[in-house]
Every structure is written in structure tokens, then in C-alpha cells.
Amino acid sequence: MARRLRDFDEDDVRVRPGRRGSRPRTRRRPAHEDAVTGFVTAVDRGRYRCLVEDRTVTAMRARELGRKSVVVGDHVALVGDVSGDPDTLARIVRVQPRRSALRRTADDADPFERVIVANADQMVIVTALADPPPRPRMIDRCLVAAYEAGLDPLLCLTKSDLAGPEELLAIYAPLGVPYVVTQRGADLGELRKRLRGRLSVLVGHSGVGKSTLVNALVPGAGRAVGEVNAVTGRGRHVSSSAIAFELPEGGWIIDTPGVRSFGLAHVKPEDVVAAFPDLAEGAEHCPPHCNHLQEHCALDEWVAEGHAERARLDSLRRLLASRERSAED
């Protein structure tokens with residue numbers, strides 16, 4: 001007679017023996033219904049600084065998170081000691097769904113993408129007009145990353161007392177990227193207006209003035225400021241991790257460490273084209289696997305028919321080509 005199997009109810013819980021004779025472990029995870037919501041403002045060697053209402057709570061990752069990353073800008077669920085008192089430690093048990101994620105790879109051959117910042121809605125690409133000189137290819141790659149992540153880009157050109165912005169702005173005029181021009185000690189009213197009420201991430205080379213801007217925008221921020229090497233023309237890494245600051249007039253800015261490259265291995269050509277609505281429709285007529293840099297690309301005919309400007313296509317192709325070149329070339 002065949003052995004009959006008992007029907008399990010949905011409420012039954014399967015268990016399996018734990019290691020070393022410990023109590024059986026269930027496949028159910030605790031609901032943590034008493035968890036409170038926090039906003040991650042800094043990450044430092046496995047400790048996460050989270051803003052919970054009006055207090056700062058230090059937390060660690062719960063084992064149940066597995067390999068899921070926790071980055072600055074994340075909204076998380078916390079349990080344990082969330083008093084914020086000295087020497088207390090809470091646990092992050094959940095990461096809320098992200099509305100955006102800024103990613104980069106170590107280089108263009110690296111298949112492993114890293115989330116730098118979560119939930120930002122604006123990327124402020126900070127570049128100096130001199131000392132160190134601007135690197136348009138780095139700006140291009142930042143723009144590609146911003147478009148892929150769905151962030152609004154903003155060019156912030158610093159040190160205008162050393163060089164004028166006209167030549168650089170002419171390169172990006174066809175893209176319609178908004179910009180602000182600043183110099184040390186000058187009024188930052190225009191920049192403050194564009195940051196107000198938004199979560200903005202500052203990205204750029206070392207030495208371009210990100211930390212100087214943060215110190216001017218946020219009283220008491222105390223970000224260390226580095227100098228540019230007179231021989232190499234490059235800035236020295238001072239900030240070692242991303243950190244979020246609340247702006248007095250509303251909104252947040254996230255200062256990130258200076259980078260010398262911005263890997264784009266995770267970005268597909270169609271992700272970049274999507275940021276050009278006047279060209280995206282024309283791209284639908286391209287042959288399969290077209291990277292829009294080769295001959296017989298339908299975008300050339302699309303522009304010739306007057307659907308978009310040639311300068312826009314040239315800018316798109318420059319951004320696409322930047323995926324295949326190092327920012328330091």
C-alpha cells in the first residue's frame with residue numbers, strides 16, 4: 001500500500017536542524033514589526049550612521065540581509081537599541097526599495113558594479129576650471145552614469161577666478177545641462193537654489209573643490225580640504241567615504257570621495273540613448289546590436305530628416321564613446 005503523505009496547511013512551518021544540535025531554524029524571517037525607520041547618512045568600517053527622527057543612531061547590518069548592500073541615502077528599518085546613546089548599537093534588518101541608485105565599476109572591464117549612493121535625484125558634477133584643469137571625458141562619464149541612474153545632472157564649475165567657463169560650457173550647450181559657476185569666497189545663492197529641497201550627490205576629481213563647497217554650504221561640516229599636486233596637477237584624496245549633510249535651507253547633499261575614473265561597464269548604449277528623447281525614437285530603426293557609433297546607424301538619417309540637431313547626435317556619440325575610453329586618457 002502506497003505511503004500517504006499528510007497535507008500541510010499554509011500555516012505549517014518547515015524546520016530543519018540547526019548546526020551543532022542547536023534549536024531548529026525556520027525558513028520564516030522575523031517580521032520586525034517594531035522596527036523604526038532611519039536614513040543612512042554615513043558608512044564607516046561596517047558601522048552605519050542613521051538619522052532616526054531627531055537623533056543619530058549607530059547600527060550594524062543584520063545577518064539576514066545577506067549580501068544586500070547598505071549605502072548612504074538608503075532608508076532602512078532598525079531594531080535593537082535605537083536610543084542613539086553613546087556605545088549603543090542597533091541592527092539594520094531591512095533596506096527599503098530605492099527610487100534610484102548611482103552605480104559605478106572600478107573600471108570598464110570590471111563586471112562588478114557598486115552602488116555609491118541611493119535615492120538621490122540630482123548629480124552635481126563638480127569640476128574646476130583650472131588647478132586642476134577640467135577633464136571633459138570625466139564629465140562625460142559622470143553624465144552617462146547620471147542618465148543611467150535617472151538623476152538630473154548639474155554642472156558646478158569652480159575656481160572661475162582662475163579661468164573662464166565659456167570654452168567648457170560650449171561643449172555641453174547642445175545637451176542643455178544646467179550649470180552654476182563659482183569661485184572661492186563668492187556668493188553661492190544660485191547653487192543653494194538648485195540644491196534646495198533635493199537629495200544631491202557631489203561627484204568629481206580630487207582637488208576640484210567639493211569639500212570646500214560643502215563647508216561653505218553647511219556650517220560646521222568640517223570637511224578636510226586638500227591641495228593640488230604642483231607636479232601632477234591632480235588633487236590628493238582627502239575624503240575617504242561618502243557622507244550626507246542636511247542643508248539649512250532644506251534638502252541634503254552627499255559628498256563623495258574624489259575619483260580618478262568612473263567605470264561604466266554596467267551601462268548599456270540604450271540606457272544612454274533613453275536620455276535623448278529627440279534621438280531615442282530614431283534609434284528604434286537602427287539595425288540589431290547597433291552601438292550608434294558605426295556606419296549605417298539610423299540616427300544619421302534621422303538627423304538628416306530634421307528630427308533632431310546634429311550637435312545633439314555628436315554629443316550623444318561622445319558620451320557613448322566615453323564608455324570605451326578611460327577617463328584619464
# chains A, B, ... in the order shown; residues from 1 in each chain; ligands from 1

$ select_by_dssp --residues "stretch 77-311 of chain A" --states "alpha helix (DSSP H)" --output "PyMOL selection string"
chain A and resi 136-149+166-172+189-195+210-217+269-273+277-283+298-304+310-311

$ residues_around --residues "A:Trp302" --least-positions-apart "6" --cutoff "9 Å" --atoms "only C-alpha atoms" --output "list of chain:residue names"
A:Leu279, A:Glu281, A:Gly282, A:Ala283, A:Ala308

$ residues_around --residues "stretch 33-48 of chain A" --least-positions-apart "4" --cutoff "10 Å" --atoms "only C-alpha atoms" --output "PyMOL selection string"
chain A and resi 52-53+55-61+70-80+82+89-96+118+240-246+252+254

$ write_last_selection --atoms "N, CA, C and O atoms" --output "compact mmCIF listing (two decimals), in the first residue's frame"
# COMPACT_ATOMS: atom_id res chain seq x y z
N VAL A 52 17.40 58.95 12.86
CA VAL A 52 16.08 58.46 13.27
C VAL A 52 15.38 59.62 13.98
O VAL A 52 15.76 60.00 15.08
N GLU A 53 14.40 60.18 13.30
CA GLU A 53 13.72 61.38 13.81
C GLU A 53 14.76 62.47 14.06
O GLU A 53 15.38 62.95 13.13
N ARG A 55 17.53 62.17 16.14
CA ARG A 55 18.73 61.65 16.79
C ARG A 55 19.52 60.78 15.81
O ARG A 55 18.99 60.27 14.84
N THR A 56 20.79 60.61 16.13
CA THR A 56 21.68 59.80 15.31
C THR A 56 21.91 58.46 15.98
O THR A 56 22.28 58.40 17.15
N VAL A 57 21.69 57.40 15.24
CA VAL A 57 21.81 56.04 15.76
C VAL A 57 22.91 55.31 14.99
O VAL A 57 22.98 55.40 13.75
N THR A 58 23.78 54.63 15.69
CA THR A 58 24.81 53.80 15.07
C THR A 58 24.28 52.38 14.95
O THR A 58 23.70 51.84 15.90
N ALA A 59 24.46 51.78 13.78
CA ALA A 59 23.90 50.45 13.55
C ALA A 59 24.88 49.56 12.80
O ALA A 59 25.86 50.04 12.21
N MET A 60 24.62 48.28 12.84
CA MET A 60 25.35 47.30 12.05
C MET A 60 24.33 46.53 11.21
O MET A 60 23.12 46.60 11.45
N ARG A 61 24.82 45.81 10.23
CA ARG A 61 23.94 45.02 9.38
C ARG A 61 23.52 43.75 10.10
O ARG A 61 24.33 43.09 10.74
N VAL A 70 24.19 48.25 1.83
CA VAL A 70 23.57 49.39 2.51
C VAL A 70 24.50 50.58 2.26
O VAL A 70 25.69 50.52 2.57
N VAL A 71 23.96 51.64 1.67
CA VAL A 71 24.79 52.78 1.29
C VAL A 71 24.15 54.07 1.79
O VAL A 71 22.98 54.10 2.23
N VAL A 72 24.92 55.14 1.73
CA VAL A 72 24.41 56.45 2.11
C VAL A 72 23.21 56.80 1.22
O VAL A 72 23.26 56.60 0.01
N GLY A 73 22.17 57.30 1.84
CA GLY A 73 20.94 57.62 1.13
C GLY A 73 19.86 56.58 1.27
O GLY A 73 18.70 56.84 0.94
N ASP A 74 20.22 55.40 1.77
CA ASP A 74 19.23 54.34 1.96
C ASP A 74 18.28 54.68 3.11
O ASP A 74 18.69 55.27 4.12
N HIS A 75 17.03 54.26 2.97
CA HIS A 75 16.08 54.26 4.06
C HIS A 75 16.00 52.83 4.57
O HIS A 75 15.76 51.90 3.79
N VAL A 76 16.22 52.65 5.87
CA VAL A 76 16.36 51.31 6.43
C VAL A 76 15.44 51.13 7.63
O VAL A 76 14.97 52.10 8.23
N ALA A 77 15.19 49.86 7.97
CA ALA A 77 14.44 49.51 9.17
C ALA A 77 15.42 49.06 10.24
O ALA A 77 16.30 48.22 9.98
N LEU A 78 15.28 49.62 11.44
CA LEU A 78 16.21 49.38 12.53
C LEU A 78 15.51 48.75 13.72
O LEU A 78 14.37 49.13 14.06
N VAL A 79 16.19 47.81 14.37
CA VAL A 79 15.70 47.23 15.62
C VAL A 79 16.85 47.26 16.63
O VAL A 79 17.99 47.57 16.29
N GLY A 80 16.53 46.91 17.85
CA GLY A 80 17.55 46.94 18.90
C GLY A 80 17.54 48.26 19.62
O GLY A 80 16.51 48.92 19.75
N VAL A 82 17.80 51.82 19.66
CA VAL A 82 17.74 52.96 18.73
C VAL A 82 17.66 54.27 19.51
O VAL A 82 17.18 55.27 18.99
N LEU A 89 24.19 50.16 19.98
CA LEU A 89 24.26 49.65 18.63
C LEU A 89 22.93 49.03 18.23
O LEU A 89 22.41 48.16 18.93
N ALA A 90 22.39 49.50 17.12
CA ALA A 90 21.16 48.93 16.58
C ALA A 90 21.51 47.99 15.43
O ALA A 90 22.68 47.84 15.06
N ARG A 91 20.48 47.35 14.86
CA ARG A 91 20.69 46.46 13.72
C ARG A 91 19.80 46.90 12.57
O ARG A 91 18.63 47.22 12.76
N ILE A 92 20.38 46.89 11.36
CA ILE A 92 19.60 47.15 10.14
C ILE A 92 19.05 45.82 9.65
O ILE A 92 19.81 44.91 9.31
N VAL A 93 17.73 45.71 9.63
CA VAL A 93 17.11 44.44 9.26
C VAL A 93 16.45 44.48 7.88
O VAL A 93 16.16 43.44 7.30
N ARG A 94 16.21 45.67 7.36
CA ARG A 94 15.62 45.80 6.03
C ARG A 94 16.15 47.06 5.35
O ARG A 94 16.45 48.06 6.02
N VAL A 95 16.23 47.01 4.04
CA VAL A 95 16.53 48.18 3.23
C VAL A 95 15.30 48.45 2.37
O VAL A 95 14.85 47.57 1.62
N GLN A 96 14.74 49.63 2.49
CA GLN A 96 13.54 49.96 1.74
C GLN A 96 13.87 50.06 0.25
O GLN A 96 15.01 50.34 -0.14
N ALA A 118 22.25 55.95 -2.78
CA ALA A 118 20.86 55.57 -3.07
C ALA A 118 19.93 56.76 -2.91
O ALA A 118 20.20 57.68 -2.12
N SER A 240 37.38 60.04 2.40
CA SER A 240 37.56 58.61 2.16
C SER A 240 36.24 57.86 2.06
O SER A 240 36.23 56.69 1.69
N SER A 241 35.14 58.51 2.36
CA SER A 241 33.84 57.84 2.28
C SER A 241 32.76 58.88 2.03
O SER A 241 32.94 60.07 2.29
N ALA A 242 31.63 58.41 1.51
CA ALA A 242 30.50 59.30 1.27
C ALA A 242 29.84 59.67 2.60
O ALA A 242 29.79 58.87 3.54
N ILE A 243 29.35 60.89 2.66
CA ILE A 243 28.65 61.33 3.87
C ILE A 243 27.60 62.36 3.47
O ILE A 243 27.84 63.19 2.59
N ALA A 244 26.44 62.29 4.11
CA ALA A 244 25.32 63.18 3.78
C ALA A 244 25.23 64.30 4.81
O ALA A 244 25.41 64.09 6.01
N PHE A 245 24.93 65.50 4.31
CA PHE A 245 24.76 66.67 5.16
C PHE A 245 23.40 67.31 4.85
O PHE A 245 23.05 67.49 3.68
N GLU A 246 22.70 67.69 5.91
CA GLU A 246 21.43 68.37 5.72
C GLU A 246 21.69 69.86 5.50
O GLU A 246 22.47 70.48 6.23
N TRP A 252 19.38 67.79 1.06
CA TRP A 252 20.60 67.12 1.51
C TRP A 252 21.63 67.14 0.39
O TRP A 252 21.28 67.10 -0.79
N ILE A 254 25.28 64.98 -0.61
CA ILE A 254 26.14 63.85 -0.27
C ILE A 254 27.50 64.10 -0.90
O ILE A 254 27.63 64.16 -2.13

$ residues_around --residues "A:His285" --least-positions-apart "4" --cutoff "12 Å" --atoms "only C-alpha atoms" --output "ChimeraX atom specification"
/A:279-281,289-290,292,296-302

$ closest_residue --among "A:Pro86, A:Gly185, A:Pro174, A:Pro136" --to "A:Arg312" --atoms "only C-alpha atoms"
A:Pro174

$ select_by_dssp --residues "stretch 66-269 of chain A" --states "strand (DSSP E or B)" --output "PyMOL selection string"
chain A and resi 75-80+90-95+101-105+113-118+122-128+152-158+179-181+199-203+228+235+243-246+252-255+263

$ closest_residue --among "A:Glu309, A:Ala130, A:Gly207, A:Ala216" --to "A:Leu188" --atoms "only C-alpha atoms"
A:Ala216
